[in-house]
Amino acid sequence: MSNTLSDNYKVWFITGVTGGAGKALASRLLEIGGYKVAGTSRSKEKLNSLNGDLISNKDFLGLQVNLIDENNVKESIEETIKKFGKIDIIVNNAGQSIFGSVEEITDKEQRLLMDVLYFGPCNVIRSVLPHFRMRKSGLIFNISSVFGGECTNNVPFFSGYCAGKSAIHSMTECLREEVKPFNIKVCCIILGYLKTSFHNPLTINQIKDYNLKEKANDMNKQFQNNTPELPINFANFIIENSKLSNIPEIIQFVRANQDFPKQFDKDIPNLPELTDGNIHMPYILHE
């Protein structure tokens with residue numbers, strides 16, 4: 001028996017679709033054909049600026065969504081089902097980060113990060129699960145990171161990002177067991193470094209003793225010594241994994257030799273290569 005499922009007319013709901021990994025995934029799905037895509041962004045302007053091949057495609061639905069507004073998220077799920085008849089796959093891809101020590105990052109900044117990295121995905125999942133339970137099928141990809149989360153490393157000056165990614169990783173583990181009786185699959189993807197416009201703004205509350213700008217400049221120089229992967233590789237990677245009949249519970253999409261910044265007094269350990277028997281791809285950091 002084949003290890004893949006039929007992918008005819010699969011409907012994908014992707015958050016953070018106007019740049020980087022999300023845009024590459026949506027574009028690749030529509031290029032292949034046989035897929036329909038709903039893509040979200042907080043910015044209507046960014047949605048309107050998507051290239052013509054994407055925004056004008058009859059199989060693409062662009063949605064301006066504030067992911068931390070539960071009612072707005074629910075409406076976007078309903079609109080997608082109304083247009084395409086169903087949803088098959090969720091990709092919680094939208095992300096945000098900030099650079100600073102725990103003392104420096106403000107309460108408002110920490111809460112904003114958790115809203116985007118954790119509470120937003122929870123809103124999407126909560127809104128789509130009644131549909132998935134009714135259909136007795138569905139697939140959820142939650143995007144975690146090598147920065148934060150189980151089997152990875154927590155990195156100084158990335159506390160908010162690491163905490164958010166740790167939270168979504170732990171939630172994914174719980175969710176997977178909760179929805180198994182409904183034939184709903186849940187996968188956590190641990191990502192590394194990808195060439196996108198994703199960036200790490202400095203906290204507004206900088207304390208001189210931490211020399212934050214100097215640390216950020218050192219980190220950026222060390223990252224520049226690495227060759228980032230292209231978003232299209234993430235797109236192909238996640239599409240191929242979505243076809244597997246036995247989707248891995250956790251997928252590490254990390255280049256084994258990735259040289260992460262050493263300014264943090266410890267290196268991020270190399271993660272083992274993928275062992276799903278089919279796919280081995282390099283690293284990626286989502287947008």
# chains A, B, ... in the order shown; residues from 1 in each chain; ligands from 1
$ residues_around --residues "Asp53 of chain A" --least-positions-apart "4" --cutoff "9 Å" --atoms "only C-alpha atoms" --output "MDAnalysis selection string"
chainID A and resid 27 30 57
$ select_by_dssp --residues "segment 49-99 of chain A" --states "alpha helix (DSSP H)" --output "list in words"
Gly52, Asp53, Leu54, Ile55, Glu70, Asn71, Asn72, Val73, Lys74, Glu75, Ser76, Ile77, Glu78, Glu79, Thr80, Ile81, Lys82, Lys83 and Phe84 of chain A
$ write_last_selection --atoms "N, CA and C atoms" --output "tab-separated table (two decimals), in the first residue's frame"
chain	number	residue	atom	x	y	z
A	52	GLY	N	0.47	39.03	-8.79
A	52	GLY	CA	-0.77	38.74	-9.49
A	52	GLY	C	-1.10	37.28	-9.62
A	53	ASP	N	-0.06	36.43	-9.82
A	53	ASP	CA	-0.30	35.00	-9.96
A	53	ASP	C	-0.96	34.42	-8.72
A	54	LEU	N	-0.71	35.03	-7.56
A	54	LEU	CA	-1.27	34.53	-6.31
A	54	LEU	C	-2.62	35.17	-6.01
A	55	ILE	N	-2.65	36.48	-5.95
A	55	ILE	CA	-3.84	37.18	-5.50
A	55	ILE	C	-5.00	37.04	-6.48
A	70	GLU	N	-10.41	36.36	18.58
A	70	GLU	CA	-11.02	35.04	18.40
A	70	GLU	C	-12.19	35.08	17.43
A	71	ASN	N	-13.02	36.11	17.50
A	71	ASN	CA	-14.16	36.21	16.59
A	71	ASN	C	-13.71	36.41	15.15
A	72	ASN	N	-12.66	37.21	14.96
A	72	ASN	CA	-12.12	37.44	13.62
A	72	ASN	C	-11.58	36.14	13.03
A	73	VAL	N	-10.89	35.37	13.85
A	73	VAL	CA	-10.35	34.08	13.40
A	73	VAL	C	-11.48	33.14	13.02
A	74	LYS	N	-12.50	33.06	13.86
A	74	LYS	CA	-13.64	32.19	13.59
A	74	LYS	C	-14.32	32.57	12.28
A	75	GLU	N	-14.47	33.86	12.05
A	75	GLU	CA	-15.08	34.33	10.80
A	75	GLU	C	-14.24	33.93	9.59
A	76	SER	N	-12.90	33.97	9.72
A	76	SER	CA	-12.04	33.60	8.60
A	76	SER	C	-12.14	32.11	8.29
A	77	ILE	N	-12.28	31.29	9.31
A	77	ILE	CA	-12.47	29.85	9.11
A	77	ILE	C	-13.80	29.60	8.39
A	78	GLU	N	-14.84	30.27	8.86
A	78	GLU	CA	-16.17	30.12	8.25
A	78	GLU	C	-16.17	30.59	6.80
A	79	GLU	N	-15.47	31.70	6.52
A	79	GLU	CA	-15.41	32.22	5.16
A	79	GLU	C	-14.70	31.25	4.23
A	80	THR	N	-13.63	30.63	4.74
A	80	THR	CA	-12.89	29.65	3.94
A	80	THR	C	-13.77	28.45	3.60
A	81	ILE	N	-14.48	27.94	4.59
A	81	ILE	CA	-15.36	26.78	4.37
A	81	ILE	C	-16.48	27.15	3.40
A	82	LYS	N	-16.99	28.36	3.53
A	82	LYS	CA	-18.07	28.81	2.64
A	82	LYS	C	-17.58	28.87	1.20
A	83	LYS	N	-16.35	29.33	0.98
A	83	LYS	CA	-15.83	29.47	-0.39
A	83	LYS	C	-15.38	28.14	-0.97
A	84	PHE	N	-14.66	27.33	-0.17
A	84	PHE	CA	-14.05	26.12	-0.70
A	84	PHE	C	-14.74	24.83	-0.27
$ atom_distance --atom1 "atom CA of Cys188 of chain A" --atom2 "atom CA of Pro121 of chain A"
12.4 Å
$ residues_around --residues "Leu129 of chain A" --least-positions-apart "4" --cutoff "10 Å" --atoms "only C-alpha atoms" --output "PDB file with C-alpha atoms, in the first residue's frame"
ATOM      1  CA  VAL A 124      -7.109  29.055  14.887  1.00  0.00           C
ATOM      2  CA  ILE A 125      -7.127  25.521  16.294  1.00  0.00           C
ATOM      3  CA  ARG A 133     -14.312  16.654  14.283  1.00  0.00           C
ATOM      4  CA  MET A 134     -17.441  16.670  12.131  1.00  0.00           C
ATOM      5  CA  ARG A 135     -15.471  15.450   9.110  1.00  0.00           C
ATOM      6  CA  LYS A 136     -13.434  12.975  11.193  1.00  0.00           C
ATOM      7  CA  SER A 137     -10.285  14.179   9.465  1.00  0.00           C
ATOM      8  CA  GLY A 138      -7.842  17.062   9.413  1.00  0.00           C
ATOM      9  CA  ILE A 140      -2.552  20.647  11.816  1.00  0.00           C
ATOM     10  CA  VAL A 179      -7.808  14.657  18.876  1.00  0.00           C
ATOM     11  CA  PHE A 182     -11.357  11.974  15.728  1.00  0.00           C
ATOM     12  CA  ILE A 184      -7.163  14.381  13.313  1.00  0.00           C
TER      13      ILE A 184
END
$ select_by_dssp --residues "segment 14-235 of chain A" --states "strand (DSSP E or B)" --output "VMD selection string"
chain A and resid 14 35 to 41 60 to 64 89 to 92 99 to 100 138 to 145 147 153 158 184 to 191 194 202 229
$ residues_around --residues "segment 160-168 of chain A" --least-positions-apart "6" --cutoff "9 Å" --atoms "only C-alpha atoms" --output "ChimeraX atom specification"
/A:96-100,102,105,109-111,113-119,121-122,142-150,153-154,188
$ write_last_selection --atoms "N, CA, C and O atoms" --output "short mmCIF file (atom, residue, chain, number, x, y, z; two decimals), in the first residue's frame"
data_model
loop_
_atom_site.label_atom_id
_atom_site.label_comp_id
_atom_site.auth_asym_id
_atom_site.auth_seq_id
_atom_site.Cartn_x
_atom_site.Cartn_y
_atom_site.Cartn_z
N GLN A 96 6.69 36.16 15.14
CA GLN A 96 7.24 37.45 15.51
C GLN A 96 8.30 37.21 16.58
O GLN A 96 8.24 36.22 17.32
N SER A 97 9.29 38.10 16.66
CA SER A 97 10.33 37.94 17.67
C SER A 97 10.76 39.31 18.17
O SER A 97 10.40 40.34 17.60
N ILE A 98 11.53 39.33 19.24
CA ILE A 98 12.10 40.55 19.79
C ILE A 98 13.38 40.18 20.53
O ILE A 98 13.48 39.09 21.11
N PHE A 99 14.37 41.06 20.48
CA PHE A 99 15.68 40.79 21.05
C PHE A 99 15.87 41.63 22.30
O PHE A 99 15.75 42.86 22.25
N GLY A 100 16.17 40.99 23.42
CA GLY A 100 16.39 41.71 24.66
C GLY A 100 16.43 40.75 25.84
O GLY A 100 15.99 39.60 25.74
N VAL A 102 15.47 39.41 29.70
CA VAL A 102 14.19 39.29 30.41
C VAL A 102 13.88 40.59 31.17
O VAL A 102 12.73 41.04 31.21
N ILE A 105 12.83 43.43 28.22
CA ILE A 105 11.61 43.29 27.43
C ILE A 105 10.40 43.63 28.30
O ILE A 105 10.22 43.08 29.38
N GLU A 109 5.51 43.99 25.43
CA GLU A 109 6.22 43.26 24.37
C GLU A 109 6.11 41.75 24.57
O GLU A 109 5.89 41.00 23.61
N GLN A 110 6.28 41.29 25.82
CA GLN A 110 6.17 39.86 26.09
C GLN A 110 4.77 39.34 25.75
O GLN A 110 4.62 38.26 25.16
N ARG A 111 3.76 40.10 26.13
CA ARG A 111 2.38 39.67 25.86
C ARG A 111 2.08 39.66 24.36
O ARG A 111 1.36 38.79 23.87
N LEU A 113 4.26 39.04 21.99
CA LEU A 113 4.90 37.85 21.45
C LEU A 113 4.06 36.60 21.72
O LEU A 113 3.86 35.76 20.83
N MET A 114 3.58 36.44 22.94
CA MET A 114 2.78 35.27 23.27
C MET A 114 1.46 35.28 22.51
O MET A 114 0.95 34.22 22.14
N ASP A 115 0.90 36.44 22.27
CA ASP A 115 -0.32 36.53 21.46
C ASP A 115 -0.09 35.95 20.07
O ASP A 115 -0.88 35.14 19.57
N VAL A 116 1.01 36.36 19.43
CA VAL A 116 1.29 35.93 18.06
C VAL A 116 1.75 34.48 18.00
O VAL A 116 1.30 33.70 17.15
N LEU A 117 2.65 34.11 18.92
CA LEU A 117 3.29 32.80 18.84
C LEU A 117 2.46 31.68 19.46
O LEU A 117 2.61 30.52 19.07
N TYR A 118 1.59 32.00 20.40
CA TYR A 118 0.84 30.95 21.09
C TYR A 118 -0.67 31.14 21.07
O TYR A 118 -1.41 30.28 20.59
N PHE A 119 -1.16 32.27 21.56
CA PHE A 119 -2.61 32.44 21.66
C PHE A 119 -3.27 32.54 20.28
O PHE A 119 -4.40 32.08 20.11
N PRO A 121 -2.31 30.93 17.37
CA PRO A 121 -2.52 29.56 16.92
C PRO A 121 -3.60 28.81 17.69
O PRO A 121 -4.36 28.03 17.10
N CYS A 122 -3.70 29.06 19.00
CA CYS A 122 -4.78 28.43 19.77
C CYS A 122 -6.15 28.87 19.25
O CYS A 122 -7.08 28.05 19.17
N ASN A 142 1.89 22.80 13.41
CA ASN A 142 2.29 23.90 14.26
C ASN A 142 3.79 24.11 14.12
O ASN A 142 4.57 23.16 14.23
N ILE A 143 4.18 25.37 13.88
CA ILE A 143 5.58 25.67 13.63
C ILE A 143 6.28 26.08 14.91
O ILE A 143 5.99 27.11 15.50
N SER A 144 7.23 25.25 15.35
CA SER A 144 8.08 25.60 16.48
C SER A 144 9.45 26.01 15.94
O SER A 144 9.57 26.37 14.78
N SER A 145 10.47 25.96 16.76
CA SER A 145 11.77 26.48 16.34
C SER A 145 12.89 25.80 17.11
O SER A 145 12.68 25.25 18.19
N VAL A 146 14.11 25.88 16.55
CA VAL A 146 15.28 25.42 17.29
C VAL A 146 15.56 26.33 18.48
O VAL A 146 16.29 25.96 19.40
N PHE A 147 14.99 27.53 18.48
CA PHE A 147 15.10 28.44 19.61
C PHE A 147 13.88 28.25 20.50
O PHE A 147 12.82 28.80 20.27
N GLY A 148 14.02 27.44 21.52
CA GLY A 148 12.91 27.19 22.44
C GLY A 148 12.20 25.90 22.10
O GLY A 148 12.12 25.47 20.96
N GLY A 149 11.71 25.22 23.11
CA GLY A 149 10.97 23.99 22.87
C GLY A 149 11.76 22.77 23.25
O GLY A 149 12.98 22.79 23.39
N GLU A 150 11.08 21.67 23.39
CA GLU A 150 11.71 20.41 23.75
C GLU A 150 12.69 19.98 22.67
O GLU A 150 12.46 20.21 21.49
N ASN A 153 17.07 24.32 22.15
CA ASN A 153 17.89 25.09 23.07
C ASN A 153 17.26 26.44 23.34
O ASN A 153 16.73 27.07 22.42
N ASN A 154 17.28 26.88 24.58
CA ASN A 154 16.80 28.21 24.91
C ASN A 154 17.97 29.18 24.88
O ASN A 154 19.05 28.89 25.43
N CYS A 188 4.30 18.82 14.88
CA CYS A 188 5.11 19.97 15.27
C CYS A 188 6.38 19.98 14.41
O CYS A 188 7.10 18.98 14.35
#
$ residues_around --residues "Phe13 of chain A" --least-positions-apart "6" --cutoff "9 Å" --atoms "only C-alpha atoms" --output "VMD selection string"
chain A and resid 36 to 40 77 80 87 to 92
$ closest_residue --among "A:His169, A:Lys46, A:Arg28, A:Lys221" --to "Cys187 of chain A" --atoms "only C-alpha atoms"
A:His169
$ atom_distance --atom1 "atom CA of Lys86 of chain A" --atom2 "atom CA of Ile238 of chain A"
19.9 Å
$ closest_residue --among "A:Asn48, A:Ser43, A:Asn211, A:Asn93" --to "Gly120 of chain A" --atoms "only C-alpha atoms"
A:Asn93
$ residues_around --residues "Glu103 of chain A" --least-positions-apart "4" --cutoff "12 Å" --atoms "only C-alpha atoms" --output "list in words"
Phe99, Asp107, Glu109, Gln110, Pro156, Phe157, Phe158, Ser159, Gly160, Thr203, Ile204, Asn205, Gln206, Ile207, Lys208, Asp209, Tyr210 and Leu212 of chain A
$ write_last_selection --atoms "N, CA and C atoms" --output "CSV table (one decimal), in the first residue's frame"
chain,number,residue,atom,x,y,z
A,99,PHE,N,14.4,41.1,20.5
A,99,PHE,CA,15.7,40.8,21.0
A,99,PHE,C,15.9,41.6,22.3
A,107,ASP,N,6.5,44.3,29.6
A,107,ASP,CA,5.3,43.4,29.8
A,107,ASP,C,4.5,43.4,28.5
A,109,GLU,N,5.5,44.0,25.4
A,109,GLU,CA,6.2,43.3,24.4
A,109,GLU,C,6.1,41.8,24.6
A,110,GLN,N,6.3,41.3,25.8
A,110,GLN,CA,6.2,39.9,26.1
A,110,GLN,C,4.8,39.3,25.7
A,156,PRO,N,19.8,33.0,25.4
A,156,PRO,CA,19.7,34.3,26.0
A,156,PRO,C,19.4,35.4,25.0
A,157,PHE,N,18.6,36.3,25.5
A,157,PHE,CA,18.1,37.5,24.8
A,157,PHE,C,17.0,37.2,23.8
A,158,PHE,N,16.6,35.9,23.7
A,158,PHE,CA,15.4,35.5,22.9
A,158,PHE,C,14.4,34.9,23.8
A,159,SER,N,14.3,35.4,25.1
A,159,SER,CA,13.4,34.7,26.0
A,159,SER,C,11.9,34.7,25.6
A,160,GLY,N,11.4,35.8,25.0
A,160,GLY,CA,10.0,35.8,24.6
A,160,GLY,C,9.7,34.8,23.5
A,203,THR,N,14.2,45.4,21.9
A,203,THR,CA,13.2,45.9,22.8
A,203,THR,C,13.3,47.5,22.9
A,204,ILE,N,12.2,48.1,23.2
A,204,ILE,CA,12.3,49.6,23.4
A,204,ILE,C,12.9,50.0,24.7
A,205,ASN,N,13.0,49.0,25.6
A,205,ASN,CA,13.4,49.3,27.0
A,205,ASN,C,14.9,48.8,27.2
A,206,GLN,N,15.8,49.5,26.5
A,206,GLN,CA,17.2,49.0,26.6
A,206,GLN,C,17.9,49.5,27.8
A,207,ILE,N,18.6,48.6,28.5
A,207,ILE,CA,19.4,49.0,29.7
A,207,ILE,C,20.9,48.9,29.4
A,208,LYS,N,21.6,50.0,29.6
A,208,LYS,CA,23.0,50.1,29.2
A,208,LYS,C,23.8,49.0,29.6
A,209,ASP,N,23.6,48.4,30.8
A,209,ASP,CA,24.5,47.4,31.3
A,209,ASP,C,24.5,46.1,30.4
A,210,TYR,N,23.5,45.9,29.7
A,210,TYR,CA,23.4,44.7,28.9
A,210,TYR,C,24.0,44.9,27.5
A,212,LEU,N,23.0,45.8,24.6
A,212,LEU,CA,22.1,45.1,23.7
A,212,LEU,C,22.4,45.3,22.2
$ atom_distance --atom1 "atom CA of Asp59 of chain A" --atom2 "atom CA of Leu139 of chain A"
19.5 Å
